file work_13.cif (mmCIF, C-alpha atoms)
data_data
loop_
_atom_site.label_atom_id
_atom_site.label_comp_id
_atom_site.auth_asym_id
_atom_site.auth_seq_id
_atom_site.Cartn_x
_atom_site.Cartn_y
_atom_site.Cartn_z
CA MET D 887 -86.89 2.51 -43.49
CA GLY D 888 -86.62 -1.20 -44.34
CA LEU D 889 -84.75 -3.46 -41.94
CA LYS D 890 -82.09 -4.27 -44.53
CA ASN D 891 -81.50 -0.61 -45.31
CA ALA D 892 -81.42 0.20 -41.58
CA VAL D 893 -78.79 -2.45 -40.89
CA THR D 894 -76.55 -1.57 -43.83
CA SER D 895 -76.75 2.16 -43.02
CA GLY D 896 -75.37 1.60 -39.52
CA TRP D 897 -78.47 1.12 -37.36
CA ARG D 898 -77.43 -0.99 -34.37
CA ASP D 899 -80.14 -0.42 -31.75
CA PRO D 900 -83.14 -2.70 -31.10
CA VAL D 901 -86.17 -2.35 -33.37
CA ARG D 902 -89.66 -2.75 -31.88
CA ILE D 903 -92.32 -1.27 -34.14
CA PHE D 904 -95.89 -1.97 -35.21
CA GLU D 905 -98.36 -0.61 -37.72
CA GLN D 906 -102.14 -0.71 -38.04
CA GLY D 907 -104.07 -0.13 -41.23
CA LYS D 908 -106.23 -1.57 -43.97
CA ILE D 909 -105.02 -4.18 -46.43
CA PHE D 910 -106.56 -4.90 -49.81
CA LEU D 911 -107.78 -8.38 -50.72
CA THR D 912 -109.60 -9.82 -53.71
CA ASP D 913 -112.90 -11.55 -52.97
CA PRO D 914 -114.66 -13.68 -55.65
CA GLU D 915 -118.05 -12.26 -54.70
CA ARG D 916 -116.94 -8.63 -54.45
CA GLU D 917 -114.40 -6.39 -56.15
CA HIS D 918 -112.25 -6.11 -53.05
CA ILE D 919 -112.34 -6.09 -49.28
CA GLU D 920 -110.31 -3.95 -46.92
CA PRO D 921 -109.91 -5.59 -43.48
CA ASP D 922 -108.07 -3.76 -40.75
CA HIS D 923 -104.79 -5.48 -39.81
CA ALA D 924 -102.03 -4.90 -37.28
CA ALA D 925 -98.45 -6.04 -37.86
CA GLY D 926 -95.24 -5.66 -35.93
CA ILE D 927 -91.56 -6.57 -35.99
CA LEU D 928 -89.01 -7.09 -33.24
CA PHE D 929 -85.23 -7.17 -33.62
CA ASN D 930 -82.73 -7.22 -30.77
CA GLY D 931 -80.23 -5.06 -32.61
CA LEU D 932 -76.58 -5.53 -33.51
CA ASP D 933 -75.05 -3.78 -30.52
CA THR D 934 -76.09 -5.60 -27.35
CA ARG D 935 -73.86 -3.64 -24.97
CA SER D 936 -75.98 -2.02 -22.27
CA PRO D 937 -75.49 -0.95 -18.64
CA PHE D 938 -79.02 -2.17 -17.94
CA ASP D 939 -80.68 -5.59 -17.85
CA ASN D 940 -80.00 -6.95 -21.33
CA ARG D 941 -82.23 -9.99 -21.71
CA ASN D 942 -82.83 -10.40 -25.43
CA GLU D 943 -86.36 -10.68 -26.78
CA ASN D 944 -87.40 -13.96 -28.37
CA PHE D 945 -90.31 -15.78 -30.01
CA TYR D 946 -92.10 -16.30 -26.71
CA ASN D 947 -91.90 -12.60 -25.82
CA ILE D 948 -93.60 -11.45 -29.00
CA LYS D 949 -96.12 -14.30 -28.73
CA ALA D 950 -96.99 -13.13 -25.22
CA ASP D 951 -97.40 -9.53 -26.43
CA VAL D 952 -99.81 -10.65 -29.17
CA GLU D 953 -101.72 -12.80 -26.68
CA ALA D 954 -102.05 -9.86 -24.27
CA LEU D 955 -103.32 -7.63 -27.09
CA ILE D 956 -106.01 -10.13 -28.05
CA MET D 957 -107.02 -10.86 -24.45
CA SER D 958 -107.42 -7.11 -23.83
CA ARG D 959 -110.37 -7.34 -26.24
CA GLY D 960 -112.01 -10.11 -24.24
CA PHE D 961 -110.86 -13.11 -26.31
CA VAL D 962 -108.63 -16.04 -25.37
CA PRO D 963 -106.47 -16.99 -28.38
CA THR D 964 -104.98 -20.38 -29.14
CA PHE D 965 -101.73 -20.93 -30.99
CA ARG D 966 -101.05 -23.83 -33.36
CA LYS D 967 -97.88 -24.78 -35.15
CA GLY D 968 -97.87 -23.20 -38.60
CA GLN D 969 -95.71 -22.23 -41.54
CA GLU D 970 -95.39 -19.23 -43.80
CA ALA D 971 -93.14 -19.05 -46.85
CA PHE D 972 -90.83 -16.54 -45.16
CA THR D 973 -90.76 -17.88 -41.59
CA HIS D 974 -88.73 -20.28 -39.45
CA ALA D 975 -90.28 -23.76 -39.60
CA GLY D 976 -89.81 -24.38 -35.86
CA GLN D 977 -90.84 -20.92 -34.64
CA THR D 978 -94.09 -20.18 -36.42
CA ALA D 979 -97.54 -20.22 -34.85
CA GLU D 980 -100.97 -19.58 -36.34
CA ILE D 981 -103.35 -17.59 -34.13
CA PHE D 982 -106.96 -18.69 -33.67
CA ILE D 983 -109.99 -17.34 -31.87
CA ASN D 984 -112.33 -20.30 -31.50
CA GLU D 985 -111.79 -21.92 -34.90
CA ASN D 986 -111.17 -18.69 -36.82
CA LYS D 987 -107.61 -18.06 -37.91
CA ILE D 988 -106.80 -14.39 -37.41
CA GLY D 989 -103.06 -14.25 -38.00
CA TRP D 990 -99.60 -15.56 -37.26
CA VAL D 991 -96.51 -14.89 -35.14
CA ALA D 992 -93.05 -16.12 -36.15
CA ARG D 993 -89.33 -15.72 -36.52
CA LEU D 994 -88.01 -14.97 -40.00
CA LYS D 995 -86.56 -17.84 -42.02
CA PRO D 996 -82.81 -18.30 -41.39
CA ALA D 997 -82.03 -17.79 -45.08
CA ILE D 998 -83.70 -14.36 -44.97
CA GLU D 999 -81.89 -13.41 -41.76
CA GLN D 1000 -78.63 -14.45 -43.40
CA GLU D 1001 -79.40 -12.30 -46.43
CA LEU D 1002 -80.10 -9.34 -44.13
CA ASP D 1003 -76.98 -10.14 -42.08
CA VAL D 1004 -79.00 -10.18 -38.83
CA SER D 1005 -80.04 -12.78 -36.27
CA GLY D 1006 -83.32 -13.02 -34.38
CA VAL D 1007 -86.01 -11.09 -36.28
CA TYR D 1008 -89.57 -11.76 -35.05
CA ALA D 1009 -92.83 -10.56 -36.53
CA PHE D 1010 -96.61 -10.91 -36.32
CA GLU D 1011 -99.72 -9.99 -38.28
CA ILE D 1012 -103.32 -10.21 -37.09
CA ASP D 1013 -106.70 -9.46 -38.63
CA LEU D 1014 -108.51 -7.03 -36.32
CA THR D 1015 -111.97 -7.60 -37.79
CA LEU D 1016 -113.15 -10.04 -35.13
CA LEU D 1017 -111.45 -8.12 -32.34
CA SER D 1018 -113.17 -4.89 -33.37
CA ALA D 1019 -116.57 -6.54 -32.96
CA ARG D 1020 -116.08 -6.81 -29.19
CA ARG D 1021 -116.61 -3.77 -27.02
CA LYS D 1022 -113.67 -2.31 -25.18
CA PRO D 1023 -112.76 -3.97 -21.87
CA GLU D 1024 -114.37 -2.66 -18.71
CA PHE D 1025 -112.54 -2.37 -15.43
CA SER D 1026 -113.99 -3.73 -12.20
CA PRO D 1027 -112.85 -3.33 -8.59
CA ALA D 1028 -110.26 -5.76 -7.32
CA SER D 1029 -111.67 -8.62 -5.29
CA GLN D 1030 -111.62 -8.15 -1.53
CA PHE D 1031 -111.08 -11.89 -1.08
CA PRO D 1032 -107.57 -13.39 -1.39
CA ALA D 1033 -106.54 -15.92 -4.00
CA SER D 1034 -105.17 -19.36 -3.14
CA PHE D 1035 -102.25 -20.71 -5.18
CA ARG D 1036 -101.41 -24.30 -6.02
CA ASP D 1037 -98.83 -25.78 -8.40
CA ILE D 1038 -99.15 -28.75 -10.70
CA SER D 1039 -96.45 -30.47 -12.78
CA LEU D 1040 -97.26 -32.68 -15.76
CA LEU D 1041 -95.25 -34.97 -18.00
CA VAL D 1042 -96.32 -33.96 -21.50
CA SER D 1043 -95.50 -35.24 -24.98
CA ILE D 1044 -93.45 -32.71 -26.94
CA ASP D 1045 -96.10 -32.95 -29.67
CA ARG D 1046 -98.69 -31.43 -27.35
CA SER D 1047 -98.72 -27.63 -27.17
CA ASN D 1048 -98.84 -25.51 -24.04
CA ASP D 1049 -102.21 -24.10 -25.16
CA GLU D 1050 -103.69 -27.60 -25.34
CA VAL D 1051 -102.41 -28.45 -21.86
CA MET D 1052 -103.75 -25.20 -20.39
CA LYS D 1053 -107.13 -25.87 -21.99
CA ASP D 1054 -107.21 -29.32 -20.36
CA ILE D 1055 -106.38 -27.77 -16.98
CA ARG D 1056 -109.11 -25.14 -17.33
CA ASN D 1057 -111.67 -27.78 -18.28
CA SER D 1058 -110.62 -29.90 -15.31
CA VAL D 1059 -111.11 -26.97 -12.94
CA LYS D 1060 -114.55 -26.25 -14.41
CA GLU D 1061 -115.52 -29.85 -13.71
CA ALA D 1062 -114.12 -29.89 -10.20
CA ALA D 1063 -114.35 -26.37 -8.82
CA GLY D 1064 -118.01 -25.63 -8.14
CA ASP D 1065 -118.20 -21.94 -7.23
CA LEU D 1066 -114.42 -21.54 -7.18
CA THR D 1067 -112.91 -19.63 -10.07
CA LEU D 1068 -109.61 -20.37 -11.76
CA GLU D 1069 -108.52 -16.77 -11.88
CA LYS D 1070 -105.17 -17.36 -13.54
CA ILE D 1071 -102.98 -20.15 -14.84
CA ARG D 1072 -99.29 -19.55 -15.53
CA LEU D 1073 -96.60 -21.78 -16.99
CA PHE D 1074 -93.49 -21.20 -14.87
CA ASP D 1075 -91.14 -24.07 -15.67
CA ILE D 1076 -90.21 -26.28 -18.63
CA TYR D 1077 -87.75 -29.11 -18.12
CA GLU D 1078 -86.28 -31.63 -20.54
CA GLY D 1079 -83.32 -33.75 -19.57
CA LYS D 1080 -82.24 -36.21 -16.91
CA GLY D 1081 -85.16 -38.20 -15.55
CA ILE D 1082 -87.54 -37.22 -18.36
CA PRO D 1083 -88.37 -39.89 -20.99
CA GLU D 1084 -87.37 -39.13 -24.57
CA GLY D 1085 -90.13 -37.37 -26.46
CA PHE D 1086 -91.55 -35.79 -23.28
CA ARG D 1087 -91.04 -32.66 -21.20
CA SER D 1088 -92.11 -31.56 -17.75
CA LEU D 1089 -94.40 -28.51 -17.64
CA ALA D 1090 -95.13 -26.87 -14.29
CA TYR D 1091 -98.06 -24.48 -13.79
CA SER D 1092 -99.21 -22.15 -11.04
CA LEU D 1093 -103.00 -22.08 -10.54
CA SER D 1094 -104.75 -19.21 -8.80
CA TYR D 1095 -108.12 -20.09 -7.23
CA ARG D 1096 -110.51 -17.45 -5.94
CA SER D 1097 -114.12 -17.00 -4.88
CA ASN D 1098 -115.85 -13.67 -5.41
CA GLU D 1099 -118.16 -14.36 -2.48
CA ARG D 1100 -115.89 -15.36 0.39
CA THR D 1101 -112.43 -16.32 1.57
CA LEU D 1102 -111.61 -19.90 0.64
CA THR D 1103 -110.53 -22.37 3.28
CA VAL D 1104 -107.40 -24.47 2.89
CA GLU D 1105 -109.50 -27.63 3.02
CA GLU D 1106 -111.82 -26.75 0.16
CA VAL D 1107 -108.97 -25.55 -2.05
CA GLU D 1108 -107.12 -28.80 -1.41
CA GLN D 1109 -110.26 -30.80 -2.18
CA VAL D 1110 -110.78 -29.05 -5.51
CA HIS D 1111 -107.11 -29.16 -6.49
CA ASN D 1112 -106.89 -32.88 -5.72
CA LYS D 1113 -109.96 -33.44 -7.87
CA VAL D 1114 -108.29 -31.51 -10.71
CA ARG D 1115 -105.25 -33.76 -10.38
CA GLU D 1116 -107.45 -36.86 -10.54
CA ILE D 1117 -109.13 -35.65 -13.73
CA LEU D 1118 -105.81 -34.80 -15.37
CA GLN D 1119 -104.37 -38.21 -14.55
CA GLY D 1120 -106.57 -39.59 -17.30
CA LYS D 1121 -104.46 -37.73 -19.87
CA TYR D 1122 -101.08 -37.02 -18.26
CA THR D 1123 -98.53 -38.37 -15.85
CA LEU D 1124 -98.39 -36.08 -12.82
CA ARG D 1125 -95.05 -35.36 -11.17
#
call {"tool": "encode", "arguments": {"input": "work_13.cif", "output": "structure tokens"}}
result
Amino acid sequence: MGLKNAVTSGWRDPVRIFEQGKIFLTDPEREHIEPDHAAGILFNGLDTRSPFDNRNENFYNIKADVEALIMSRGFVPTFRKGQEAFTHAGQTAEIFINENKIGWVARLKPAIEQELDVSGVYAFEIDLTLLSARRKPEFSPASQFPASFRDISLLVSIDRSNDEVMKDIRNSVKEAAGDLTLEKIRLFDIYEGKGIPEGFRSLAYSLSYRSNERTLTVEEVEQVHNKVREILQGKYTLR
């Protein structure tokens, strides 16, 4: 059932669906090609009354779901600002693996939402060809050595994406860490407002360091993290 038909026929609950299948494309060198694609749509629904936690889904939720799907195949995607004819200009991202564009994630254009008489419709589509080439993920035992956590806060131009900043942090850790591994990096705070120059925002990240060989000492974690900060100071203002 199409979203418009669902809404006009009285459907008021959230919609969270996806589909996987082949699409048909024309190729100049062949009659046609049939890549395998996955697509999904997310809509918070018209009736938001609920006795349970009722945090509405948004662009970042569906982006995170797509990222998790791709990373489950062993790839780390990057997201770049994009535009499709039917999507919101400020909430559209193209999805890349290395330099190969494999899809998009976006909110529908306001004019289309208005025509459907809905608000907040998000969707994605990705080409699974490259993902299918990688074997399924393998599970390994959890490390017996604890992780060490450190935070870092950067003043970043609003023109610079979170993916670009995280890439810079990962590269800085590679340069500074030696046999330490940056197990995880997580954006946990975004701040724009009083005390932040116009055209900038403050992004705060949690970094998880770990060694697979031993328990890290406080001193060596501090040494590496301070080195990471020094490297990043060449590109950002640290807070």
call {"tool": "residues_around", "arguments": {"input": "work_13.cif", "residues": "D:Tyr946", "least_positions_apart": "6", "cutoff": "12 Å", "atoms": "all atoms listed in the file", "output": "list of chain:residue names"}}
result
D:Leu928, D:Val952, D:Glu953, D:Phe965, D:Gln977, D:Thr978, D:Ala979, D:Val991, D:Ala992, D:Arg993, D:Tyr1008, D:Ala1009, D:Phe1010, D:Asn1048
call {"tool": "resolve_selection", "arguments": {"input": "work_13.cif", "expression": "the PyMOL selection byres ((chain D and resi 1027-1031) around 10)", "output": "count of residues only"}}
result
12
call {"tool": "resolve_selection", "arguments": {"input": "work_13.cif", "expression": "the PyMOL selection byres ((chain D and resi 997) around 12)", "output": "short mmCIF file (atom, residue, chain, number, x, y, z; two decimals) with C-alpha atoms, in the frame of the given file"}}
result
data_model
loop_
_atom_site.label_atom_id
_atom_site.label_comp_id
_atom_site.auth_asym_id
_atom_site.auth_seq_id
_atom_site.Cartn_x
_atom_site.Cartn_y
_atom_site.Cartn_z
CA ALA D 971 -93.14 -19.05 -46.85
CA PHE D 972 -90.83 -16.54 -45.16
CA THR D 973 -90.76 -17.88 -41.59
CA HIS D 974 -88.73 -20.28 -39.45
CA ALA D 975 -90.28 -23.76 -39.60
CA ARG D 993 -89.33 -15.72 -36.52
CA LEU D 994 -88.01 -14.97 -40.00
CA LYS D 995 -86.56 -17.84 -42.02
CA PRO D 996 -82.81 -18.30 -41.39
CA ILE D 998 -83.70 -14.36 -44.97
CA GLU D 999 -81.89 -13.41 -41.76
CA GLN D 1000 -78.63 -14.45 -43.40
CA GLU D 1001 -79.40 -12.30 -46.43
CA LEU D 1002 -80.10 -9.34 -44.13
CA ASP D 1003 -76.98 -10.14 -42.08
CA VAL D 1004 -79.00 -10.18 -38.83
CA SER D 1005 -80.04 -12.78 -36.27
CA GLY D 1006 -83.32 -13.02 -34.38
CA VAL D 1007 -86.01 -11.09 -36.28
#
call {"tool": "atom_distance", "arguments": {"input": "work_13.cif", "atom1": "atom CA of D:Asp951", "atom2": "atom CA of D:Gly926"}}
result
10.5 Å
call {"tool": "residues_near_point", "arguments": {"input": "work_13.cif", "point": "(-112.1, -25.5, -1.8)", "cutoff": "9 Å", "atoms": "all atoms listed in the file", "output": "list in words"}}
result
Ala1063, Gly1064, Asp1065, Leu1066, Tyr1095, Leu1102, Thr1103, Val1104, Glu1105, Glu1106, Val1107, Glu1108, Gln1109, Val1110 and His1111 of chain D
call {"tool": "atom_distance", "arguments": {"input": "work_13.cif", "atom1": "atom CA of D:Glu980", "atom2": "atom CA of D:Lys967"}}
result
6.2 Å
call {"tool": "resolve_selection", "arguments": {"input": "work_13.cif", "expression": "the PyMOL selection byres ((chain D and resi 1090) around 12)", "output": "MDAnalysis selection string"}}
result
chainID D and resid 1036:1042 1048 1051:1052 1055 1071:1078 1087:1089 1091:1093 1124:1125
call {"tool": "residues_around", "arguments": {"input": "work_13.cif", "residues": "D:Ile1012", "least_positions_apart": "6", "cutoff": "10 Å", "atoms": "all atoms listed in the file", "output": "MDAnalysis selection string"}}
result
chainID D and resid 906 922:926 952 956 980:982 987:991
call {"tool": "closest_residue", "arguments": {"input": "work_13.cif", "among": "D:Leu955, D:Ile1082, D:Ile903, D:Leu1016", "to": "D:Asn984", "atoms": "all atoms listed in the file"}}
result
D:Leu1016
call {"tool": "residues_around", "arguments": {"input": "work_13.cif", "residues": "D:Ser1058", "least_positions_apart": "3", "cutoff": "8 Å", "atoms": "all atoms listed in the file", "output": "list in words"}}
result
Asp1054, Ile1055, Glu1061, Ala1062, Val1114, Ile1117 and Leu1118 of chain D
call {"tool": "atom_distance", "arguments": {"input": "work_13.cif", "atom1": "atom CA of D:Gly907", "atom2": "atom CA of D:Ile927"}}
result
15.0 Å
call {"tool": "closest_residue", "arguments": {"input": "work_13.cif", "among": "D:Leu911, D:Lys1113, D:Ile948, D:Ile1044", "to": "D:Lys1060", "atoms": "all atoms listed in the file"}}
result
D:Lys1113
call {"tool": "residues_around", "arguments": {"input": "work_13.cif", "residues": "D:Pro921", "least_positions_apart": "2", "cutoff": "9 Å", "atoms": "all atoms listed in the file", "output": "ChimeraX atom specification"}}
result
/D:907-911,919,923,1013-1015
call {"tool": "closest_residue", "arguments": {"input": "work_13.cif", "among": "D:Ser1047, D:Tyr1122, D:Gly1085, D:Phe904", "to": "D:Glu1011", "atoms": "all atoms listed in the file"}}
result
D:Phe904
